[in-house]
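start_24.cif (mmCIF, C-alpha atoms) appears below.
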data_my_file
#
loop_
_atom_site.group_PDB
_atom_site.id
_atom_site.type_symbol
_atom_site.label_atom_id
_atom_site.label_comp_id
_atom_site.auth_asym_id
_atom_site.auth_seq_id
_atom_site.Cartn_x
_atom_site.Cartn_y
_atom_site.Cartn_z
ATOM 1 C CA MET A 1 0.000 0.000 0.000
ATOM 2 C CA VAL A 2 1.299 3.447 -0.940
ATOM 3 C CA ARG A 3 -0.254 6.686 0.311
ATOM 4 C CA TYR A 4 0.040 10.208 -1.077
ATOM 5 C CA SER A 5 -1.001 13.644 0.065
ATOM 6 C CA PHE A 6 -2.437 15.793 -2.705
ATOM 7 C CA GLY A 7 -2.624 19.516 -2.184
ATOM 8 C CA THR A 8 -0.530 22.067 -3.997
ATOM 9 C CA ARG A 9 1.823 19.166 -4.747
ATOM 10 C CA LEU A 10 1.640 15.389 -4.782
ATOM 11 C CA THR A 11 3.682 14.065 -1.871
ATOM 12 C CA ARG A 12 4.318 10.460 -0.976
ATOM 13 C CA LEU A 13 3.643 9.689 2.690
ATOM 14 C CA SER A 14 5.763 7.339 4.731
ATOM 15 C CA ASP A 15 4.219 4.706 6.984
ATOM 16 C CA GLY A 16 2.294 6.385 9.809
ATOM 17 C CA GLU A 17 2.714 9.885 8.342
ATOM 18 C CA ARG A 18 -0.474 11.928 8.112
ATOM 19 C CA ARG A 19 -1.498 14.257 5.339
ATOM 20 C CA GLU A 20 -1.454 17.975 5.947
ATOM 21 C CA GLY A 21 -4.592 20.006 6.654
ATOM 22 C CA ASP A 22 -7.092 19.898 3.824
ATOM 23 C CA ASP A 23 -4.933 17.869 1.451
ATOM 24 C CA ALA A 24 -6.712 15.002 -0.298
ATOM 25 C CA CYS A 25 -5.645 11.433 0.404
ATOM 26 C CA ILE A 26 -4.557 9.273 -2.524
ATOM 27 C CA THR A 27 -4.013 5.586 -1.768
ATOM 28 C CA VAL A 28 -2.662 2.896 -4.075
ATOM 29 C CA MET A 29 -3.368 -0.624 -2.888
ATOM 30 C CA THR A 30 -3.957 -4.122 -4.162
ATOM 31 C CA LEU A 31 -7.370 -5.721 -4.457
ATOM 32 C CA GLU A 32 -6.642 -7.972 -1.498
ATOM 33 C CA GLU A 33 -5.684 -4.998 0.678
ATOM 34 C CA PHE A 34 -8.892 -3.219 -0.326
ATOM 35 C CA ARG A 35 -10.952 -6.308 0.409
ATOM 36 C CA GLU A 36 -9.447 -6.705 3.899
ATOM 37 C CA ALA A 37 -9.228 -2.993 4.820
ATOM 38 C CA LYS A 38 -10.686 -2.132 8.231
ATOM 39 C CA GLU A 39 -12.184 1.119 6.975
ATOM 40 C CA THR A 40 -15.826 1.112 5.963
ATOM 41 C CA TYR A 41 -16.116 1.582 2.218
ATOM 42 C CA LEU A 42 -19.605 1.846 0.807
ATOM 43 C CA HIS A 43 -20.415 -0.648 -1.934
ATOM 44 C CA ARG A 44 -17.011 -2.288 -1.532
ATOM 45 C CA LYS A 45 -18.260 -5.637 -2.880
ATOM 46 C CA VAL A 46 -19.353 -4.028 -6.138
ATOM 47 C CA LEU A 47 -15.842 -2.776 -6.901
ATOM 48 C CA VAL A 48 -14.254 -6.039 -5.750
ATOM 49 C CA HIS A 49 -16.482 -7.960 -8.162
ATOM 50 C CA SER A 50 -15.653 -5.528 -10.982
ATOM 51 C CA MET A 51 -11.935 -5.854 -10.310
ATOM 52 C CA GLU A 52 -12.139 -9.640 -10.479
ATOM 53 C CA ASN A 53 -13.702 -9.438 -13.944
ATOM 54 C CA ILE A 54 -12.286 -6.337 -15.670
ATOM 55 C CA HIS A 55 -13.262 -6.319 -19.334
ATOM 56 C CA TYR A 56 -13.549 -2.609 -20.181
ATOM 57 C CA CYS A 57 -13.393 0.969 -18.886
ATOM 58 C CA LYS A 58 -16.423 2.077 -16.926
ATOM 59 C CA ALA A 59 -17.621 4.322 -14.105
ATOM 60 C CA GLU A 60 -20.549 3.830 -11.738
ATOM 61 C CA ALA A 61 -22.027 6.360 -9.330
ATOM 62 C CA TYR A 62 -23.408 5.316 -5.954
ATOM 63 C CA GLY A 63 -24.464 7.202 -2.872
ATOM 64 C CA GLY A 64 -21.371 8.757 -1.313
ATOM 65 C CA CYS A 65 -18.878 7.284 -3.782
ATOM 66 C CA THR A 66 -18.047 6.747 -7.430
ATOM 67 C CA MET A 67 -16.082 3.741 -8.636
ATOM 68 C CA GLY A 68 -14.945 2.207 -11.860
ATOM 69 C CA THR A 69 -12.272 0.362 -13.788
ATOM 70 C CA PHE A 70 -9.767 1.090 -16.556
ATOM 71 C CA MET A 71 -8.561 -1.379 -19.178
ATOM 72 C CA ILE A 72 -5.698 0.260 -21.080
ATOM 73 C CA PRO A 73 -4.042 -1.317 -24.147
ATOM 74 C CA ASN A 74 -0.272 -1.512 -24.300
ATOM 75 C CA LYS A 75 0.853 0.939 -26.993
ATOM 76 C CA ASN A 76 3.867 -1.285 -27.765
ATOM 77 C CA ASN A 77 1.643 -4.326 -28.289
ATOM 78 C CA LEU A 78 -1.966 -3.338 -28.884
ATOM 79 C CA LEU A 79 -3.122 -6.940 -29.211
ATOM 80 C CA GLY A 80 -1.234 -8.134 -26.150
ATOM 81 C CA GLU A 81 -2.002 -8.039 -22.445
ATOM 82 C CA LYS A 82 -3.699 -4.875 -21.235
ATOM 83 C CA PHE A 83 -2.976 -2.799 -18.134
ATOM 84 C CA SER A 84 -5.938 -2.530 -15.784
ATOM 85 C CA PHE A 85 -6.730 -0.842 -12.495
ATOM 86 C CA GLY A 86 -9.752 0.285 -10.503
ATOM 87 C CA PHE A 87 -10.650 3.481 -8.671
ATOM 88 C CA TYR A 88 -12.869 4.383 -5.740
ATOM 89 C CA VAL A 89 -13.403 8.073 -5.045
ATOM 90 C CA THR A 90 -15.233 9.899 -2.263
ATOM 91 C CA ASP A 91 -15.237 13.556 -1.249
ATOM 92 C CA SER A 92 -12.095 13.037 0.840
ATOM 93 C CA GLU A 93 -10.190 10.075 -0.586
ATOM 94 C CA LEU A 94 -9.213 8.436 -3.853
ATOM 95 C CA ILE A 95 -8.285 4.758 -3.781
ATOM 96 C CA LEU A 96 -6.527 3.223 -6.772
ATOM 97 C CA LEU A 97 -6.465 -0.564 -7.036
ATOM 98 C CA ASP A 98 -3.499 -1.980 -8.908
ATOM 99 C CA GLU A 99 -2.222 -5.561 -8.865
ATOM 100 C CA GLY A 100 1.184 -4.584 -10.249
ATOM 101 C CA ASP A 101 3.608 -1.676 -10.088
ATOM 102 C CA MET A 102 2.522 0.082 -13.262
ATOM 103 C CA LEU A 103 0.211 2.581 -11.554
ATOM 104 C CA THR A 104 2.814 3.415 -8.921
ATOM 105 C CA GLU A 105 5.332 4.135 -11.681
ATOM 106 C CA ILE A 106 2.825 6.389 -13.456
ATOM 107 C CA ILE A 107 2.159 8.354 -10.284
ATOM 108 C CA LYS A 108 5.910 8.791 -9.755
ATOM 109 C CA ARG A 109 6.152 10.392 -13.186
ATOM 110 C CA MET A 110 3.187 12.619 -12.338
ATOM 111 C CA GLU A 111 4.611 14.006 -9.102
ATOM 112 C CA ASP A 112 6.210 16.995 -10.856
ATOM 113 C CA ILE A 113 3.040 18.024 -12.684
ATOM 114 C CA ALA A 114 0.337 17.232 -10.126
ATOM 115 C CA SER A 115 -0.260 20.654 -8.583
ATOM 116 C CA LYS A 116 -3.596 22.106 -7.567
ATOM 117 C CA GLU A 117 -3.028 25.328 -9.480
ATOM 118 C CA GLY A 118 -2.568 23.308 -12.654
ATOM 119 C CA THR A 119 -5.662 21.163 -12.275
ATOM 120 C CA VAL A 120 -8.511 22.791 -10.424
ATOM 121 C CA HIS A 121 -8.295 26.223 -11.974
ATOM 122 C CA ALA A 122 -7.711 24.814 -15.451
ATOM 123 C CA HIS A 123 -11.120 23.145 -15.390
ATOM 124 C CA ALA A 124 -13.186 25.327 -13.126
ATOM 125 C CA GLY A 125 -15.126 28.448 -13.974
ATOM 126 C CA GLU A 126 -13.937 31.966 -13.213
ATOM 127 C CA GLU A 127 -15.871 32.205 -9.976
ATOM 128 C CA ARG A 128 -14.367 28.988 -8.635
ATOM 129 C CA ALA A 129 -10.892 29.929 -9.846
ATOM 130 C CA LYS A 130 -10.864 32.932 -7.566
ATOM 131 C CA GLU A 131 -11.207 30.767 -4.478
ATOM 132 C CA LYS A 132 -7.517 30.293 -3.773
ATOM 133 C CA GLY A 133 -7.988 28.787 -0.371
ATOM 134 C CA MET A 134 -10.161 25.881 -1.405
ATOM 135 C CA PRO A 135 -9.122 22.404 -0.213
ATOM 136 C CA ALA A 136 -7.885 19.876 -2.726
ATOM 137 C CA ALA A 137 -10.357 17.219 -3.814
ATOM 138 C CA PRO A 138 -9.497 13.619 -4.752
ATOM 139 C CA ALA A 139 -11.443 13.984 -7.998
ATOM 140 C CA GLU A 140 -8.919 16.618 -9.096
ATOM 141 C CA PHE A 141 -6.151 14.041 -9.017
ATOM 142 C CA LEU A 142 -8.359 11.522 -10.809
ATOM 143 C CA ILE A 143 -8.773 14.065 -13.630
ATOM 144 C CA LEU A 144 -4.995 14.535 -13.715
ATOM 145 C CA LEU A 145 -4.453 10.787 -13.878
ATOM 146 C CA MET A 146 -6.992 10.311 -16.667
ATOM 147 C CA ASP A 147 -5.467 13.152 -18.687
ATOM 148 C CA TYR A 148 -2.008 11.686 -18.155
ATOM 149 C CA LEU A 149 -3.097 8.306 -19.521
ATOM 150 C CA ILE A 150 -3.939 9.802 -22.933
ATOM 151 C CA ARG A 151 -1.561 12.781 -23.042
ATOM 152 C CA ASN A 152 0.762 11.229 -25.662
ATOM 153 C CA ASP A 153 -1.898 9.390 -27.623
ATOM 154 C CA VAL A 154 -2.080 12.063 -30.331
ATOM 155 C CA LEU A 155 1.615 11.547 -31.077
ATOM 156 C CA PHE A 156 1.122 7.790 -31.012
ATOM 157 C CA LEU A 157 -1.705 8.006 -33.556
ATOM 158 C CA GLN A 158 0.360 10.316 -35.756
ATOM 159 C CA LYS A 159 3.177 7.741 -35.775
ATOM 160 C CA TYR A 160 0.657 5.027 -36.574
ATOM 161 C CA GLU A 161 -0.620 7.127 -39.467
ATOM 162 C CA ALA A 162 2.951 7.513 -40.750
ATOM 163 C CA LYS A 163 3.316 3.726 -40.532
ATOM 164 C CA LEU A 164 0.218 3.292 -42.707
ATOM 165 C CA GLU A 165 1.591 5.812 -45.211
ATOM 166 C CA ASP A 166 4.795 3.749 -45.444
ATOM 167 C CA MET A 167 2.669 0.649 -46.058
ATOM 168 C CA GLU A 168 0.862 2.443 -48.873
ATOM 169 C CA ASP A 169 4.126 3.636 -50.462
ATOM 170 C CA GLU A 170 5.551 0.116 -50.260
ATOM 171 C CA LEU A 171 2.429 -1.261 -51.915
ATOM 172 C CA LEU A 172 2.711 1.245 -54.749
ATOM 173 C CA ASP A 173 6.355 0.248 -55.278
ATOM 174 C CA HIS A 174 5.798 -3.513 -55.201
ATOM 175 C CA GLN A 175 3.645 -6.177 -53.622
ATOM 176 C CA PRO A 176 5.312 -7.162 -50.334
ATOM 177 C CA LYS A 177 5.008 -10.642 -48.944
ATOM 178 C CA ASN A 178 2.387 -11.299 -46.257
ATOM 179 C CA PHE A 179 0.923 -7.855 -46.892
ATOM 180 C CA TYR A 180 -2.657 -8.971 -46.328
ATOM 181 C CA GLU A 181 -1.709 -10.414 -42.915
ATOM 182 C CA THR A 182 -0.136 -7.055 -42.011
ATOM 183 C CA VAL A 183 -3.350 -5.246 -42.972
ATOM 184 C CA ILE A 184 -5.419 -7.629 -40.836
ATOM 185 C CA VAL A 185 -3.168 -6.964 -37.818
ATOM 186 C CA SER A 186 -3.548 -3.207 -38.329
ATOM 187 C CA ARG A 187 -7.324 -3.569 -38.510
ATOM 188 C CA LYS A 188 -7.364 -5.502 -35.239
ATOM 189 C CA GLU A 189 -5.092 -2.976 -33.524
ATOM 190 C CA LEU A 190 -7.217 -0.032 -34.612
ATOM 191 C CA LEU A 191 -10.364 -1.856 -33.559
ATOM 192 C CA ALA A 192 -8.849 -2.271 -30.078
ATOM 193 C CA LEU A 193 -8.072 1.466 -29.936
ATOM 194 C CA HIS A 194 -11.509 2.346 -31.313
ATOM 195 C CA THR A 195 -13.196 0.324 -28.555
ATOM 196 C CA TYR A 196 -10.865 1.764 -25.905
ATOM 197 C CA TYR A 197 -11.573 5.418 -26.748
ATOM 198 C CA GLU A 198 -15.282 4.696 -27.072
ATOM 199 C CA GLN A 199 -15.223 3.373 -23.513
ATOM 200 C CA LEU A 200 -13.247 6.399 -22.302
ATOM 201 C CA ILE A 201 -15.871 8.703 -23.797
ATOM 202 C CA SER A 202 -18.635 6.855 -21.947
ATOM 203 C CA LEU A 203 -16.592 6.884 -18.740
ATOM 204 C CA GLY A 204 -15.904 10.612 -18.965
ATOM 205 C CA GLU A 205 -19.536 11.409 -19.700
ATOM 206 C CA GLU A 206 -20.692 9.243 -16.792
ATOM 207 C CA LEU A 207 -18.380 11.071 -14.400
ATOM 208 C CA GLU A 208 -19.414 14.421 -15.853
ATOM 209 C CA SER A 209 -23.101 13.652 -15.273
ATOM 210 C CA ASN A 210 -22.337 13.511 -11.520
ATOM 211 C CA ASP A 211 -25.495 11.583 -10.659
ATOM 212 C CA ASN A 212 -24.557 11.314 -6.973
ATOM 213 C CA HIS A 213 -23.562 15.029 -6.715
ATOM 214 C CA LEU A 214 -20.113 14.076 -5.473
ATOM 215 C CA PHE A 215 -18.113 16.404 -7.698
ATOM 216 C CA SER A 216 -17.988 20.184 -8.033
ATOM 217 C CA GLU A 217 -18.887 22.028 -11.217
ATOM 218 C CA GLY A 218 -15.211 22.539 -12.012
ATOM 219 C CA GLU A 219 -14.485 18.832 -11.621
ATOM 220 C CA CYS A 220 -17.447 17.949 -13.841
ATOM 221 C CA ALA A 221 -16.040 20.346 -16.432
ATOM 222 C CA GLY A 222 -12.706 18.543 -16.153
ATOM 223 C CA PHE A 223 -14.359 15.188 -16.807
ATOM 224 C CA GLY A 224 -16.194 16.753 -19.751
ATOM 225 C CA MET A 225 -12.920 18.012 -21.221
ATOM 226 C CA PHE A 226 -11.466 14.529 -20.854
ATOM 227 C CA ALA A 227 -14.455 13.051 -22.713
ATOM 228 C CA SER A 228 -13.939 15.627 -25.475
ATOM 229 C CA ARG A 229 -10.267 14.713 -25.823
ATOM 230 C CA ALA A 230 -11.158 11.019 -25.936
ATOM 231 C CA SER A 231 -13.766 11.813 -28.591
ATOM 232 C CA ARG A 232 -11.160 13.533 -30.794
ATOM 233 C CA LEU A 233 -8.847 10.543 -30.413
ATOM 234 C CA HIS A 234 -11.764 8.286 -31.282
ATOM 235 C CA ASP A 235 -12.373 10.290 -34.469
ATOM 236 C CA HIS A 236 -8.681 10.034 -35.372
ATOM 237 C CA VAL A 237 -8.771 6.260 -34.970
ATOM 238 C CA GLU A 238 -11.924 6.116 -37.095
ATOM 239 C CA MET A 239 -10.064 7.977 -39.844
ATOM 240 C CA LEU A 240 -7.141 5.527 -39.587
ATOM 241 C CA ARG A 241 -9.532 2.596 -39.862
ATOM 242 C CA GLU A 242 -10.900 4.045 -43.092
ATOM 243 C CA TYR A 243 -7.323 4.534 -44.287
ATOM 244 C CA VAL A 244 -6.545 0.855 -43.655
ATOM 245 C CA PHE A 245 -9.702 -0.088 -45.538
ATOM 246 C CA GLN A 246 -8.552 1.990 -48.514
ATOM 247 C CA ILE A 247 -5.104 0.343 -48.429
ATOM 248 C CA ARG A 248 -6.754 -3.069 -48.392
ATOM 249 C CA GLU A 249 -8.935 -2.094 -51.355
ATOM 250 C CA MET A 250 -5.823 -0.894 -53.206
ATOM 251 C CA TYR A 251 -4.090 -4.208 -52.504
ATOM 252 C CA GLN A 252 -7.077 -6.203 -53.729
ATOM 253 C CA SER A 253 -7.277 -4.005 -56.848
ATOM 254 C CA GLN A 254 -3.613 -4.694 -57.602
ATOM 255 C CA ILE A 255 -4.146 -8.436 -57.203
ATOM 256 C CA ALA A 256 -7.194 -8.286 -59.481
ATOM 257 C CA SER A 257 -5.219 -6.241 -62.014
ATOM 258 C CA ASN A 258 -2.360 -8.752 -61.993
ATOM 259 C CA GLN A 259 -4.769 -11.634 -62.408
ATOM 260 C CA ASN A 260 -6.465 -9.858 -65.314
ATOM 261 C CA GLN A 261 -3.078 -9.277 -66.920
ATOM 262 C CA ILE A 262 -2.185 -12.955 -66.576
ATOM 263 C CA MET A 263 -5.529 -13.995 -68.040
ATOM 264 C CA SER A 264 -4.996 -11.553 -70.900
ATOM 265 C CA TRP A 265 -1.605 -13.114 -71.694
ATOM 266 C CA LEU A 266 -3.058 -16.602 -71.563
ATOM 267 C CA THR A 267 -5.849 -15.527 -73.912
ATOM 268 C CA VAL A 268 -3.357 -14.062 -76.393
ATOM 269 C CA VAL A 269 -1.174 -17.178 -76.326
ATOM 270 C CA THR A 270 -4.186 -19.415 -76.790
ATOM 271 C CA THR A 271 -5.443 -17.286 -79.661
ATOM 272 C CA ILE A 272 -2.034 -17.316 -81.365
ATOM 273 C CA PHE A 273 -1.753 -21.092 -81.291
ATOM 274 C CA LEU A 274 -5.387 -21.807 -82.146
ATOM 275 C CA PRO A 275 -4.880 -21.575 -85.968
ATOM 276 C CA LEU A 276 -1.745 -23.697 -85.636
ATOM 277 C CA SER A 277 -3.724 -26.302 -83.744
ATOM 278 C CA LEU A 278 -6.259 -26.251 -86.578
ATOM 279 C CA LEU A 279 -3.495 -26.919 -89.116
ATOM 280 C CA VAL A 280 -2.056 -29.733 -87.035
ATOM 281 C CA GLY A 281 -5.475 -31.312 -86.647
ATOM 282 C CA TRP A 282 -6.330 -30.810 -90.325
ATOM 283 C CA TYR A 283 -3.214 -32.401 -91.748
ATOM 284 C CA GLY A 284 -3.101 -35.023 -89.053
ATOM 285 C CA MET A 285 -6.060 -36.789 -90.752
ATOM 286 C CA ASN A 286 -3.709 -38.277 -93.401
ATOM 287 C CA PHE A 287 -6.317 -38.840 -96.122
ATOM 288 C CA ALA A 288 -4.945 -40.475 -99.271
ATOM 289 C CA ASN A 289 -5.951 -37.652 -101.621
ATOM 290 C CA MET A 290 -4.331 -34.784 -99.665
ATOM 291 C CA PRO A 291 -1.806 -33.400 -102.242
ATOM 292 C CA GLU A 292 0.318 -31.570 -99.668
ATOM 293 C CA LEU A 293 1.360 -34.880 -98.117
ATOM 294 C CA ARG A 294 3.394 -35.802 -101.245
ATOM 295 C CA TRP A 295 4.434 -32.257 -102.181
ATOM 296 C CA LYS A 296 8.174 -31.703 -102.217
ATOM 297 C CA TYR A 297 7.918 -28.399 -100.317
ATOM 298 C CA GLY A 298 4.966 -29.354 -98.126
ATOM 299 C CA TYR A 299 6.874 -29.368 -94.825
ATOM 300 C CA ALA A 300 8.664 -26.064 -95.529
ATOM 301 C CA GLY A 301 5.381 -24.553 -96.733
ATOM 302 C CA MET A 302 3.596 -25.449 -93.483
ATOM 303 C CA ILE A 303 6.424 -23.878 -91.459
ATOM 304 C CA LEU A 304 6.241 -20.702 -93.525
ATOM 305 C CA LEU A 305 2.433 -20.588 -93.251
ATOM 306 C CA SER A 306 2.636 -21.012 -89.456
ATOM 307 C CA VAL A 307 5.180 -18.202 -89.154
ATOM 308 C CA VAL A 308 3.046 -15.894 -91.276
ATOM 309 C CA ILE A 309 -0.068 -16.674 -89.221
ATOM 310 C CA VAL A 310 1.774 -15.993 -85.930
ATOM 311 C CA ALA A 311 3.307 -12.758 -87.323
ATOM 312 C CA VAL A 312 -0.070 -11.481 -88.526
ATOM 313 C CA GLU A 313 -1.685 -12.269 -85.178
ATOM 314 C CA ILE A 314 1.081 -10.503 -83.219
ATOM 315 C CA TRP A 315 0.799 -7.456 -85.512
ATOM 316 C CA PHE A 316 -2.976 -7.408 -84.986
ATOM 317 C CA PHE A 317 -2.708 -7.671 -81.169
ATOM 318 C CA LYS A 318 -0.130 -4.890 -81.029
ATOM 319 C CA LYS A 319 -2.258 -2.684 -83.235
ATOM 320 C CA LYS A 320 -5.178 -3.226 -80.825
ATOM 321 C CA LYS A 321 -2.756 -2.594 -77.903
ATOM 322 C CA ILE A 322 -3.495 -5.998 -76.438
ATOM 323 C CA LEU A 323 0.222 -6.823 -76.351
#

Do you think you could lay out the structure here as structure tokens?
Amino acid sequence: MVRYSFGTRLTRLSDGERREGDDACITVMTLEEFREAKETYLHRKVLVHSMENIHYCKAEAYGGCTMGTFMIPNKNNLLGEKFSFGFYVTDSELILLDEGDMLTEIIKRMEDIASKEGTVHAHAGEERAKEKGMPAAPAEFLILLMDYLIRNDVLFLQKYEAKLEDMEDELLDHQPKNFYETVIVSRKELLALHTYYEQLISLGEELESNDNHLFSEGECAGFGMFASRASRLHDHVEMLREYVFQIREMYQSQIASNQNQIMSWLTVVTTIFLPLSLLVGWYGMNFANMPELRWKYGYAGMILLSVVIVAVEIWFFKKKKIL
């Protein structure tokens, strides 16, 4: 279990150390520690059940508390194992449930940017921004954490878009091996991101609705801004999915074009040799009264006739731009 004090700064508390004054309490603990905690947490069993079966990002409002879960894809392996954690927020405390060390590492990186002046007054209205002496609220840190989780996603999507552009350029240059498999992987990855941002939008809107009246107007505005950012990321992913679809259509068009070209060549070859096959079949009958069979120049004449037929056919196909 790791405890933090969140006021003007985020400060890690040592064992037995108490938070200062009106600072909010941020606690990171495991599911087992939350289950066995002596403190009375309303609707604890609901969150425990959700943590045991995390499938997506969600938020649920209850009397006196709001809880939910996050399921975050690994940007280095979008189809691999996902990072998940849960949260439980009241008006005085935010509990983060994490079975590993990932969340603790994220909070360490946030310590330099988690200040009250940079969170509350960025989301609140002018009237609330003037209240300099207001106590810190746990929801403010939750907004910071949520924003931090997607802060570099725009750059990630831009790099993914550049990757798709390279795929398109490579396809225009030549047909790479296993290209269709690569397109399928990209479709699956973008589908995972599409679902993820869709869930974040729903989560942000649920927190913004503030059904249990736990959050201030400024905090609700912060959740609304998060939902808007997630919506823009969702739109970007939707555009990338359409881009992948276009690349796949281009690949299929190239395959169809190559197949048509092969069939065209086969048709030309067949057409060229069709008259020759007729000659072979005609003179292969060996009737007694066929004068060419005993003609001195019969063999040379058939060769010359075959060459002329082939030459005329090639000239005709080139004139029609078939060859």

Could you tell me which residues the PyMOL selection byres ((chain A and resi 246) around 12) grabs in this file, written as a CSV table (one decimal) with C-alpha atoms, in the frame of the given file?
chain,number,residue,atom,x,y,z
A,164,LEU,CA,0.2,3.3,-42.7
A,165,GLU,CA,1.6,5.8,-45.2
A,167,MET,CA,2.7,0.6,-46.1
A,168,GLU,CA,0.9,2.4,-48.9
A,171,LEU,CA,2.4,-1.3,-51.9
A,183,VAL,CA,-3.4,-5.2,-43.0
A,187,ARG,CA,-7.3,-3.6,-38.5
A,239,MET,CA,-10.1,8.0,-39.8
A,240,LEU,CA,-7.1,5.5,-39.6
A,241,ARG,CA,-9.5,2.6,-39.9
A,242,GLU,CA,-10.9,4.0,-43.1
A,243,TYR,CA,-7.3,4.5,-44.3
A,244,VAL,CA,-6.5,0.9,-43.7
A,245,PHE,CA,-9.7,-0.1,-45.5
A,247,ILE,CA,-5.1,0.3,-48.4
A,248,ARG,CA,-6.8,-3.1,-48.4
A,249,GLU,CA,-8.9,-2.1,-51.4
A,250,MET,CA,-5.8,-0.9,-53.2
A,251,TYR,CA,-4.1,-4.2,-52.5
A,252,GLN,CA,-7.1,-6.2,-53.7
A,253,SER,CA,-7.3,-4.0,-56.8

Q: Compute the distance from (3.0, 0.1, -30.0) to each atom, counting only C-alpha atoms, keep the residues with any atom at most 10 Å away, and return them as a ChimeraX atom specification; use the coordinates of the file.
A: /A:73-79,156-157,159-160,189

Q: Convert the output of the PyMOL selection byres ((chain A and resi 89) around 6) on the shown file into explicit residues, formatted as a list in words.
A: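 On the file shown, the PyMOL selection byres ((chain A and resi 89) around 6) covers Cys65, Thr66, Tyr88, Thr90, Glu93 and Leu94 of chain A.
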
(Q) As an exercise, work out the distance from atom CA of A:Leu203 to atom CA of A:Asp23 in Å and give it to one decimal place. (A)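 Computing the Euclidean distance for atom CA of A:Leu203 and atom CA of A:Asp23 yields 25.8 Å.
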
Q: Find the residues near A:Leu96: any atom within 7 Å, counting only C-alpha atoms, skip ones fewer than 2 places away on the same chain, and give them as a list in words.
A: Thr27, Val28, Met29, Gly86, Phe87, Tyr88, Leu94 and Asp98 of chain A

Q | Å distance separating atom CA of A:Val46 from atom CA of A:Tyr62, one decimal place | A | 10.2 Å

Q: List, as a ChimeraX atom specification, every residue that the PyMOL selection byres ((chain A and resi 32-43) around 9) selects in the file provided.
A: /A:1,29-31,44-48,62-65,95,97,99

Q: Take atom CA of A:Val269 and atom CA of A:Leu305 and report the distance between them in Å, one decimal.
A: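 One can read the atom CA of A:Val269 to atom CA of A:Leu305 distance as 17.6 Å.
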
Q. So which residues touch stretch 100-106 of chain A within 9 Å, counting all atoms listed in the file, skipping near sequence neighbours fewer than 6 positions away, as a list of chain:residue names?
A.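 Those residues are A:Val2, A:Val28, A:Thr30, A:Phe83, A:Phe85, A:Leu145, A:Tyr148, A:Leu149.
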
For the selection just defined, write its residues with C-alpha atoms to a file, as an mmCIF file, keeping the file's coordinate frame.
data_model
loop_
_atom_site.group_PDB
_atom_site.id
_atom_site.type_symbol
_atom_site.label_atom_id
_atom_site.label_comp_id
_atom_site.auth_asym_id
_atom_site.auth_seq_id
_atom_site.Cartn_x
_atom_site.Cartn_y
_atom_site.Cartn_z
ATOM 1 C CA VAL A 2 1.299 3.447 -0.940
ATOM 2 C CA VAL A 28 -2.662 2.896 -4.075
ATOM 3 C CA THR A 30 -3.957 -4.122 -4.162
ATOM 4 C CA PHE A 83 -2.976 -2.799 -18.134
ATOM 5 C CA PHE A 85 -6.730 -0.842 -12.495
ATOM 6 C CA LEU A 145 -4.453 10.787 -13.878
ATOM 7 C CA TYR A 148 -2.008 11.686 -18.155
ATOM 8 C CA LEU A 149 -3.097 8.306 -19.521
#

Q: Can you work out which one of A:Val312, A:Asn260, A:Pro291, A:Ala221 has the shortest atom-to-atom distance to A:Pro275, counting all atoms listed in the file?
A: A:Val312

**Q.** Pick from A:Asn286, A:Thr11, A:Phe215, A:Glu208, whichever lies nearest to A:Lys108 using all atoms listed in the file
**A.**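 So, comparing all the options, the nearest one is A:Thr11.
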
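Distances to A:Leu233 were evaluated for A:Ala139, A:Leu278, A:Leu200, A:Ile314 using all atoms listed in the file, and the minimum falls at A:Leu200.
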
**Q.** Distance criterion (only C-alpha atoms): nearest to A:Asn152 out of A:Asp91, A:Gly7, A:Tyr297, A:Arg229
**A.**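 Ranked by minimum distance to A:Asn152, first place goes to A:Arg229.
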
Q: Tell me which protein, DNA and RNA residues are within 7 Å of A:Ile201, counting all atoms listed in the file, leaving out same-chain ones fewer than 4 positions away, and put them as an MDAnalysis selection string.
A: chainID A and resid 197 205 227 230:231
